[in-house]
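Undergrad: Okay, so here is final-v6.txt, and as you'll see once you scroll down, it has compact mmCIF, C-alpha atoms.
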# COMPACT_ATOMS: atom_id res chain seq x y z
CA MET A 1 0.00 0.00 0.00
CA SER A 2 1.56 3.23 -1.04
CA ASN A 3 1.66 6.40 0.95
CA THR A 4 -0.16 8.47 -1.63
CA SER A 5 -1.79 10.62 1.00
CA GLU A 6 1.51 12.13 2.06
CA HIS A 7 2.31 12.73 -1.58
CA ALA A 8 -0.99 14.31 -2.45
CA THR A 9 -1.40 16.55 0.55
CA PRO A 10 1.86 18.40 1.00
CA LYS A 11 2.08 21.03 3.68
CA HIS A 12 0.20 23.57 1.68
CA HIS A 13 0.84 26.97 3.09
CA MET A 14 -2.22 28.27 4.86
CA VAL A 15 -2.17 32.04 4.64
CA SER A 16 -3.71 33.92 7.56
CA LEU A 17 -6.97 35.58 6.63
CA SER A 18 -5.79 38.94 7.97
CA THR A 19 -3.00 38.92 5.35
CA TYR A 20 -5.67 38.73 2.65
CA VAL A 21 -7.58 41.64 4.16
CA MET A 22 -4.39 43.72 4.36
CA VAL A 23 -3.58 43.01 0.70
CA TRP A 24 -7.14 44.06 -0.21
CA VAL A 25 -6.72 47.34 1.69
CA ALA A 26 -3.40 47.96 -0.10
CA LEU A 27 -5.14 47.34 -3.45
CA LEU A 28 -7.85 49.87 -2.61
CA VAL A 29 -5.26 52.47 -1.55
CA LEU A 30 -3.33 51.94 -4.80
CA THR A 31 -6.57 52.31 -6.81
CA ALA A 32 -7.21 55.65 -5.10
CA LEU A 33 -3.60 56.63 -5.79
CA THR A 34 -3.88 55.84 -9.53
CA ILE A 35 -7.08 57.92 -9.79
CA VAL A 36 -5.41 60.86 -8.01
CA THR A 37 -2.23 60.77 -10.13
CA ALA A 38 -4.31 60.52 -13.33
CA SER A 39 -6.26 63.66 -12.39
CA MET A 40 -3.06 65.68 -11.88
CA HIS A 41 -2.08 65.68 -15.60
CA PHE A 42 1.63 64.93 -15.50
CA GLY A 43 1.74 64.27 -19.24
CA ALA A 44 4.01 61.37 -20.16
CA PHE A 45 4.71 60.78 -16.50
CA SER A 46 1.06 59.91 -15.79
CA ILE A 47 1.16 56.98 -18.26
CA ALA A 48 4.26 55.66 -16.52
CA ALA A 49 2.68 56.19 -13.09
CA ALA A 50 -0.51 54.38 -14.17
CA ILE A 51 1.45 51.40 -15.49
CA VAL A 52 3.74 51.22 -12.44
CA ILE A 53 0.79 51.32 -10.01
CA ALA A 54 -1.13 48.73 -12.06
CA THR A 55 1.95 46.49 -12.07
CA VAL A 56 2.29 46.75 -8.28
CA LYS A 57 -1.42 45.92 -7.89
CA GLY A 58 -1.10 42.99 -10.29
CA ALA A 59 1.96 41.72 -8.41
CA LEU A 60 0.07 41.87 -5.10
CA VAL A 61 -2.77 39.79 -6.55
CA LEU A 62 -0.36 37.29 -8.13
CA LEU A 63 1.86 36.91 -5.04
CA TYR A 64 -0.79 36.79 -2.31
CA PHE A 65 -4.24 36.03 -3.78
CA MET A 66 -2.84 33.64 -6.38
CA ASN A 67 -0.40 32.21 -3.84
CA LEU A 68 2.75 32.57 -5.95
CA ARG A 69 4.69 33.72 -2.89
CA TYR A 70 4.15 30.37 -1.23
CA GLU A 71 4.46 28.13 -4.28
CA ASP A 72 7.62 26.42 -5.55
CA ARG A 73 9.99 28.61 -7.49
CA ILE A 74 9.02 26.82 -10.72
CA PHE A 75 5.74 28.79 -10.76
CA LEU A 76 7.59 32.11 -10.75
CA ILE A 77 10.01 30.88 -13.40
CA MET A 78 7.10 29.88 -15.66
CA LEU A 79 5.44 33.26 -15.14
CA GLY A 80 8.77 34.91 -15.94
CA VAL A 81 8.99 33.02 -19.23
CA ALA A 82 5.43 34.07 -20.17
CA LEU A 83 6.09 37.72 -19.30
CA PHE A 84 9.44 37.66 -21.09
CA THR A 85 7.73 36.35 -24.25
CA LEU A 86 5.24 39.19 -23.98
CA ALA A 87 8.03 41.75 -23.44
CA VAL A 88 9.96 40.48 -26.47
CA SER A 89 6.93 40.85 -28.75
CA LEU A 90 6.26 44.32 -27.31
CA VAL A 91 9.83 45.52 -27.92
CA LEU A 92 10.09 43.97 -31.38
CA THR A 93 6.74 45.47 -32.42
CA PHE A 94 7.85 48.95 -31.34
CA VAL A 95 11.21 48.51 -33.07
CA ASP A 96 9.09 48.17 -36.19
CA THR A 97 6.37 50.79 -35.67
CA LEU A 98 8.60 53.52 -34.19
CA PHE A 99 11.10 53.54 -37.06
CA ARG A 100 8.88 53.09 -40.11
CA MET B 1 -13.17 -6.25 3.14
CA SER B 2 -12.46 -2.81 4.51
CA ALA B 3 -8.78 -3.32 3.78
CA ALA B 4 -9.60 -4.13 0.16
CA ALA B 5 -11.87 -1.09 -0.08
CA THR B 6 -9.16 1.24 1.22
CA ALA B 7 -6.70 -0.27 -1.20
CA THR B 8 -8.80 0.68 -4.23
CA VAL B 9 -9.05 4.23 -2.98
CA THR B 10 -5.37 4.68 -2.17
CA GLN B 11 -4.15 3.30 -5.45
CA SER B 12 -5.17 6.37 -7.43
CA HIS B 13 -2.24 8.72 -7.70
CA TYR B 14 -3.05 12.35 -7.15
CA ASP B 15 -0.67 15.25 -7.67
CA SER B 16 -1.92 18.45 -6.10
CA GLN B 17 0.87 20.66 -7.38
CA GLY B 18 0.57 19.19 -10.86
CA SER B 19 -3.06 20.26 -11.06
CA ARG B 20 -2.09 23.82 -10.19
CA ILE B 21 0.75 23.85 -12.73
CA GLY B 22 -1.80 22.77 -15.36
CA MET B 23 -4.06 25.65 -14.39
CA TRP B 24 -1.19 28.12 -14.58
CA LEU B 25 -0.23 26.89 -18.05
CA PHE B 26 -3.79 27.65 -19.14
CA LEU B 27 -3.59 31.08 -17.50
CA PHE B 28 -0.44 31.87 -19.51
CA THR B 29 -2.39 31.34 -22.74
CA GLU B 30 -4.95 33.83 -21.42
CA LEU B 31 -2.15 36.21 -20.52
CA LEU B 32 -0.78 36.09 -24.06
CA LEU B 33 -4.27 36.48 -25.54
CA PHE B 34 -4.86 39.70 -23.63
CA GLY B 35 -1.17 40.60 -24.00
CA GLY B 36 -1.61 40.74 -27.77
CA LEU B 37 -4.54 43.13 -27.34
CA PHE B 38 -2.57 45.32 -24.93
CA LEU B 39 0.19 45.38 -27.54
CA LEU B 40 -2.32 46.61 -30.13
CA TYR B 41 -3.47 49.26 -27.65
CA ALA B 42 0.13 50.38 -26.99
CA VAL B 43 0.98 50.77 -30.68
CA TYR B 44 -2.19 52.71 -31.55
CA ARG B 45 -2.00 54.89 -28.49
CA GLN B 46 1.56 55.80 -29.46
CA MET B 47 0.30 56.64 -32.98
CA TYR B 48 -2.81 58.61 -31.95
CA PRO B 49 -2.17 59.97 -28.43
CA ALA B 50 -4.41 63.04 -28.84
CA ASP B 51 -7.34 61.07 -30.30
CA PHE B 52 -7.12 58.54 -27.46
CA HIS B 53 -7.17 61.33 -24.87
CA TYR B 54 -10.16 62.95 -26.50
CA ALA B 55 -12.12 59.73 -27.00
CA ALA B 56 -11.54 58.65 -23.38
CA LYS B 57 -13.37 61.80 -22.20
CA HIS B 58 -16.65 59.99 -22.89
CA LEU B 59 -15.80 57.12 -20.55
CA SER B 60 -16.92 57.51 -16.96
CA ALA B 61 -13.98 57.15 -14.57
CA GLY B 62 -16.52 56.80 -11.75
CA VAL B 63 -18.14 53.70 -13.25
CA GLY B 64 -14.70 52.26 -13.95
CA ALA B 65 -13.58 52.93 -10.37
CA VAL B 66 -16.72 51.33 -8.91
CA ASN B 67 -16.16 48.24 -11.05
CA THR B 68 -12.52 48.12 -9.95
CA LEU B 69 -13.67 48.24 -6.34
CA ILE B 70 -16.18 45.45 -7.00
CA LEU B 71 -13.65 43.14 -8.67
CA LEU B 72 -10.93 43.72 -6.06
CA THR B 73 -13.40 42.95 -3.28
CA SER B 74 -14.64 39.86 -5.12
CA SER B 75 -11.02 38.64 -5.23
CA LEU B 76 -10.88 39.06 -1.46
CA THR B 77 -14.06 37.03 -0.91
CA MET B 78 -12.66 34.41 -3.30
CA VAL B 79 -9.49 33.86 -1.25
CA LEU B 80 -11.58 33.88 1.92
CA ALA B 81 -13.75 31.11 0.42
CA ILE B 82 -10.58 29.06 -0.18
CA GLY B 83 -9.23 29.90 3.29
CA MET B 84 -12.49 28.73 4.88
CA LEU B 85 -12.44 25.46 2.96
CA GLN B 86 -8.83 24.85 4.01
CA ARG B 87 -10.03 25.32 7.59
CA ARG B 88 -12.83 22.81 6.94
CA LYS B 89 -15.53 25.49 7.29
CA ARG B 90 -17.57 24.59 4.25
CA LYS B 91 -20.67 26.63 5.06
CA ALA B 92 -18.63 29.83 5.37
CA SER B 93 -16.77 28.89 2.21
CA ILE B 94 -20.04 28.63 0.28
CA TRP B 95 -21.22 32.00 1.60
CA PHE B 96 -18.00 33.67 0.46
CA LEU B 97 -18.42 31.98 -2.92
CA ILE B 98 -21.95 33.34 -3.20
CA ALA B 99 -20.67 36.82 -2.29
CA THR B 100 -18.02 36.51 -5.01
CA ILE B 101 -20.64 35.51 -7.58
CA ALA B 102 -22.93 38.36 -6.49
CA MET B 103 -20.13 40.87 -7.05
CA GLY B 104 -19.31 39.38 -10.44
CA LEU B 105 -22.95 39.83 -11.43
CA LEU B 106 -22.94 43.39 -10.13
CA PHE B 107 -19.87 44.08 -12.28
CA LEU B 108 -21.75 42.82 -15.35
CA VAL B 109 -24.84 44.89 -14.52
CA ASN B 110 -22.66 48.02 -14.33
CA LYS B 111 -21.02 47.03 -17.60
CA TYR B 112 -24.44 46.64 -19.22
CA PHE B 113 -25.57 50.13 -18.18
CA GLU B 114 -22.22 51.59 -19.20
CA TRP B 115 -22.34 50.03 -22.66
CA SER B 116 -25.98 50.85 -23.33
CA HIS B 117 -25.30 54.43 -22.29
CA LYS B 118 -22.45 54.58 -24.86
CA VAL B 119 -24.56 52.97 -27.59
CA HIS B 120 -27.39 55.47 -26.95
CA ALA B 121 -24.87 58.28 -27.30
CA GLY B 122 -23.91 56.83 -30.68
CA LEU B 123 -20.47 55.75 -29.53
CA PHE B 124 -19.97 52.28 -30.96
CA PRO B 125 -17.80 50.96 -33.79
CA ALA B 126 -18.94 52.16 -37.23
CA SER B 127 -21.78 54.26 -35.76
CA GLU B 128 -22.96 57.24 -37.83
CA LYS B 129 -21.50 59.56 -35.24
CA LEU B 130 -18.07 57.92 -35.04
CA VAL B 131 -17.65 57.61 -38.81
CA ASP B 132 -17.22 61.40 -38.94
CA HIS B 133 -14.67 61.36 -36.15
CA THR B 134 -10.93 60.77 -36.38
CA HIS B 135 -9.31 57.45 -37.13
CA GLY B 136 -7.74 57.33 -33.67
CA GLU B 137 -11.09 57.75 -31.90
CA ASN B 138 -12.58 54.91 -33.91
CA ILE B 139 -9.65 52.68 -33.01
CA PHE B 140 -10.01 53.65 -29.34
CA TYR B 141 -13.66 52.57 -29.30
CA ALA B 142 -12.93 49.36 -31.21
CA LEU B 143 -10.29 48.49 -28.61
CA TYR B 144 -12.55 49.59 -25.75
CA TYR B 145 -15.42 47.34 -26.84
CA GLY B 146 -13.10 44.53 -27.89
CA MET B 147 -11.02 44.39 -24.74
CA THR B 148 -13.66 45.12 -22.10
CA GLY B 149 -16.01 42.82 -24.04
CA LEU B 150 -13.54 39.93 -24.03
CA HIS B 151 -12.89 40.65 -20.36
CA GLY B 152 -16.66 40.60 -19.73
CA LEU B 153 -16.88 37.18 -21.39
CA HIS B 154 -14.19 35.99 -19.02
CA VAL B 155 -16.21 37.31 -16.08
CA ILE B 156 -19.21 35.29 -17.33
CA ALA B 157 -17.03 32.17 -17.73
CA GLY B 158 -15.62 32.74 -14.24
CA LEU B 159 -19.13 33.04 -12.80
CA ILE B 160 -20.13 29.71 -14.36
CA VAL B 161 -17.03 28.05 -12.89
CA LEU B 162 -17.77 29.57 -9.45
CA GLY B 163 -21.37 28.35 -9.72
CA VAL B 164 -20.11 24.80 -10.27
CA MET B 165 -17.73 25.24 -7.33
CA ILE B 166 -20.68 25.74 -4.95
CA PHE B 167 -21.68 22.14 -5.71
CA VAL B 168 -18.09 20.92 -5.45
CA VAL B 169 -17.78 22.44 -1.98
CA LYS B 170 -21.26 21.27 -0.99
CA ALA B 171 -20.77 17.64 -2.01
CA PRO B 172 -20.63 15.43 1.09
CA SER B 173 -17.16 14.28 2.07
CA ARG B 174 -18.60 11.01 3.35
CA GLN B 175 -19.76 9.07 0.39
CA ALA B 176 -22.61 6.62 0.74
CA VAL B 177 -21.96 3.54 -1.34
CA GLY B 178 -24.77 1.07 -1.97
CA LEU B 179 -23.78 -2.59 -2.05
CA THR B 180 -24.68 -2.81 -5.73
CA GLN B 181 -22.11 -0.14 -6.46
CA LEU B 182 -19.32 -2.04 -4.78
CA PRO B 183 -16.71 -3.53 -7.09
CA GLU B 184 -17.30 -7.13 -8.07
CA SER B 185 -14.13 -8.24 -6.29
CA ILE B 186 -15.59 -7.11 -2.97
CA ARG B 187 -19.14 -8.30 -3.69
CA SER B 188 -17.89 -11.81 -4.38
CA GLN B 189 -16.42 -11.99 -0.90
CA LEU B 190 -19.86 -11.44 0.64
CA GLY B 191 -22.11 -14.46 0.96
CA PRO B 192 -25.22 -14.54 -1.29
CA GLU B 193 -27.55 -14.25 1.73
CA LEU B 194 -25.82 -11.22 3.00
CA LEU B 195 -25.91 -9.63 -0.43
CA LYS B 196 -29.63 -10.27 -0.82
CA ASP B 197 -30.58 -8.90 2.59
CA ALA B 198 -28.37 -5.90 2.34
CA GLU B 199 -29.05 -4.84 -1.24
CA SER B 200 -30.65 -1.62 -0.07
CA LEU B 201 -28.29 -1.14 2.81
CA GLU B 202 -25.66 1.55 2.50
CA ILE B 203 -22.12 1.18 3.64
CA ARG B 204 -20.55 4.40 4.70
CA TYR B 205 -16.89 4.95 4.86
CA ARG B 206 -14.88 8.03 5.37
CA GLU B 207 -13.34 9.52 2.31
CA HIS B 208 -9.63 9.44 1.85
CA PRO B 209 -7.86 12.76 2.64
CA VAL B 210 -6.92 12.95 -1.04
CA HIS B 211 -10.55 13.69 -1.89
CA ASP B 212 -10.64 16.63 0.49
CA GLN B 213 -7.40 17.92 -1.00
CA ARG B 214 -8.84 17.52 -4.49
CA ARG B 215 -11.82 19.63 -3.51
CA ILE B 216 -9.55 22.37 -2.15
CA ASP B 217 -7.41 22.25 -5.31
CA ARG B 218 -10.46 22.61 -7.54
CA LEU B 219 -11.61 25.66 -5.63
CA GLU B 220 -8.07 27.09 -5.73
CA ASN B 221 -7.85 26.63 -9.49
CA ALA B 222 -11.24 28.30 -9.94
CA GLY B 223 -9.90 31.10 -7.74
CA LEU B 224 -6.78 31.43 -9.91
CA TYR B 225 -8.99 32.01 -12.94
CA TRP B 226 -11.08 34.58 -11.10
CA HIS B 227 -7.97 36.46 -9.93
CA LEU B 228 -6.53 36.51 -13.45
CA VAL B 229 -9.72 38.21 -14.63
CA ASP B 230 -9.16 40.72 -11.82
CA VAL B 231 -5.50 41.29 -12.83
CA ILE B 232 -6.55 42.03 -16.43
CA TRP B 233 -9.10 44.55 -15.21
CA ILE B 234 -6.41 46.20 -13.03
CA PHE B 235 -4.62 47.09 -16.29
CA LEU B 236 -7.73 47.86 -18.36
CA PHE B 237 -9.03 50.41 -15.85
CA PRO B 238 -6.21 53.03 -15.96
CA LEU B 239 -5.51 52.50 -19.67
CA PHE B 240 -9.07 53.20 -20.79
CA TYR B 241 -10.80 55.21 -18.07
CA LEU B 242 -8.03 57.44 -16.72
CA ILE B 243 -6.34 58.90 -19.81
CA SER B 244 -8.59 61.81 -20.72
Could you take the file, read its structure, and then write that structure out as structure tokens?
TA:
Amino acid sequence: MSNTSEHATPKHHMVSLSTYVMVWVALLVLTALTIVTASMHFGAFSIAAAIVIATVKGALVLLYFMNLRYEDRIFLIMLGVALFTLAVSLVLTFVDTLFR
Amino acid sequence: MSAAATATVTQSHYDSQGSRIGMWLFLFTELLLFGGLFLLYAVYRQMYPADFHYAAKHLSAGVGAVNTLILLTSSLTMVLAIGMLQRRKRKASIWFLIATIAMGLLFLVNKYFEWSHKVHAGLFPASEKLVDHTHGENIFYALYYGMTGLHGLHVIAGLIVLGVMIFVVKAPSRQAVGLTQLPESIRSQLGPELLKDAESLEIRYREHPVHDQRRIDRLENAGLYWHLVDVIWIFLFPLFYLIS
């Protein structure tokens, strides 16, 4: 008889519920921040600010709500490969469209 | 007999992490699908910055902000549903799931009013009003409807998945197995008299921990999908609603 149960139920990290609530509060604060910075008309800077804030928010959701912080490193590596692929196509596209 | 019954249950191999890796691989395809659309947005915004600014004036930042609030909060209730199930509190888990679904529906209702308001104002692709406007404005609205529309479809898909999850969480962890459903190998060990008398009788045995873990993993994977939909909205909101 195999010990499948130990295999199948690894010590899955149980995140405290207050952590989730704190992440949610941080997300709300960042949403307010992105609305405020957008209304201040910084020109090119406001696009950068919007993208930076959205990236921080996205990272919070990925790391805490989607558990990436507590998963094996392989999950982050796979995400890195996907994002790198996206970045390559973004850069290559702009290399084309910017210098036509 | 009970030893034989346990043996059949334990034999099935179950890989919890593998199921999550599979879900993530699917999420990457979604990421690249929306990534391509964000790429399109980036190129056209760089080409027509003034038109994009002008066209975005007709979008309501307030409605967008409310929908952001709704989706972020629904992500919180989603992780709380998973947290409750991990703590074996299935009733609470189901209530958090229902709250998540309610907020998803609210998001769609807002979206419906937002879109119908735009359509009434004549702001939709190839409308008589937009045809006279600049090329950049037309592209902005095509991207707006295309990207928030595809995102909306993902919300609907997520809601269906979450609806199924209510039943997954609800399903009893103790399974009642009628004698007729027992495998032949076990039935043959019971005498014919016993079989005849006990045909209607139910044997209850406690489910293997693997089944509980499988239930948690299913809810977690559903949650991953729901959060991805949230992440996409986190980028859609500033890029469409906050650039006027």
Undergrad: May I ask for the distance between atom CA of His154 of chain B and atom CA of Ser60 of chain B, given in Å to one decimal place?
TA: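 Straight-line distance from atom CA of His154 of chain B to atom CA of Ser60 of chain B works out to 21.8 Å.
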Undergrad: Considering only C-alpha atoms, return as a tab-separated table (two decimals) with C-alpha atoms, in the frame of the given file whatever protein or nucleic-acid residues lie within 10 Å of Ser93 of chain B, sequence-local ones (same chain, fewer than 6 positions apart) excluded.
TA:
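So the final result, stored in out-v5.tsv, reads:
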chain	number	residue	atom	x	y	z
B	77	THR	CA	-14.06	37.03	-0.91
B	78	MET	CA	-12.66	34.41	-3.30
B	79	VAL	CA	-9.49	33.86	-1.25
B	80	LEU	CA	-11.58	33.88	1.92
B	81	ALA	CA	-13.75	31.11	0.42
B	82	ILE	CA	-10.58	29.06	-0.18
B	83	GLY	CA	-9.23	29.90	3.29
B	84	MET	CA	-12.49	28.73	4.88
B	85	LEU	CA	-12.44	25.46	2.96
B	86	GLN	CA	-8.83	24.85	4.01
B	87	ARG	CA	-10.03	25.32	7.59
B	99	ALA	CA	-20.67	36.82	-2.29
B	166	ILE	CA	-20.68	25.74	-4.95
B	169	VAL	CA	-17.78	22.44	-1.98
B	170	LYS	CA	-21.26	21.27	-0.99
B	219	LEU	CA	-11.61	25.66	-5.63
Undergrad: Between atom CA of Thr29 of chain B and atom CA of Thr148 of chain B, what is the distance, to one decimal in Å?
TA: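 If I compute the distance from atom CA of Thr29 of chain B to atom CA of Thr148 of chain B, I get 17.8 Å.
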Undergrad: So, with all atoms listed in the file as the atoms that count, which of B:His53, B:His13, B:His117, B:His135 lies closest to Ser244 of chain B?
TA: B:His53
Undergrad: Counting all atoms listed in the file, what is within 9 Å of Leu224 of chain B, bar same-chain residues fewer than 6 positions away, as a PyMOL selection string?
TA: (chain A and resi 62+65-67) or (chain B and resi 20+23-24+27)
Undergrad: With distances taken over all atoms listed in the file, which of A:Ala54, A:Val91, A:Leu30, A:Leu68 is nearest to chain B?
TA: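 Counting all atoms listed in the file, the residue closest to chain B is A:Ala54.
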Undergrad: Using only C-alpha atoms, which protein or nucleic acid residues come within 7 Å of Thr100 of chain B? Drop anything in the same chain fewer than 2 positions from it, and give the result as an NGL selection string.
TA: :B and (74 or 77-78 or 96-98 or 102-104)
Undergrad: Do you know which residues are at most 8 Å from Val23 of chain A counting all atoms listed in the file, after dropping those on the same chain fewer than 3 positions away, and could you put them as an MDAnalysis selection string?
TA: chainID A and resid 19:20 26:27 60:61 64
Undergrad: Using all atoms listed in the file, I'd like every residue of chain B that has an atom within 9 Å of chain A; please write them out as a ChimeraX atom specification.
TA: /B:7,10-17,21,24-25,28-29,31-32,35-36,39,42-43,46-47,61,65,68-69,72-73,75-76,78-80,83-84,86-87,208-210,213-214,220,223-224,227-228,230-232,234-235,237-239,242-244
Undergrad: Grab the atom CA of Asp212 of chain B to atom CA of Ile186 of chain B distance for me, in Å with one decimal place.
TA: 24.5 Å
Undergrad: Compare B:Val63, B:Tyr241, B:Ile160, B:Asp132 by their minimum atom-to-atom distance to Ile101 of chain B, counting all atoms listed in the file, and give me the closest one.
TA: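 Residue with the minimum atom-to-atom distance to Ile101 of chain B: B:Ile160.
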Undergrad: Which residues come within 10 Å of segment 140-145 of chain B, counting only C-alpha atoms, excluding same-chain residues fewer than 5 positions away, as a VMD selection string?
TA: chain B and resid 37 to 38 40 to 41 44 to 45 48 51 to 56 59 115 123 to 126 130 135 150 to 152 236 239 to 241
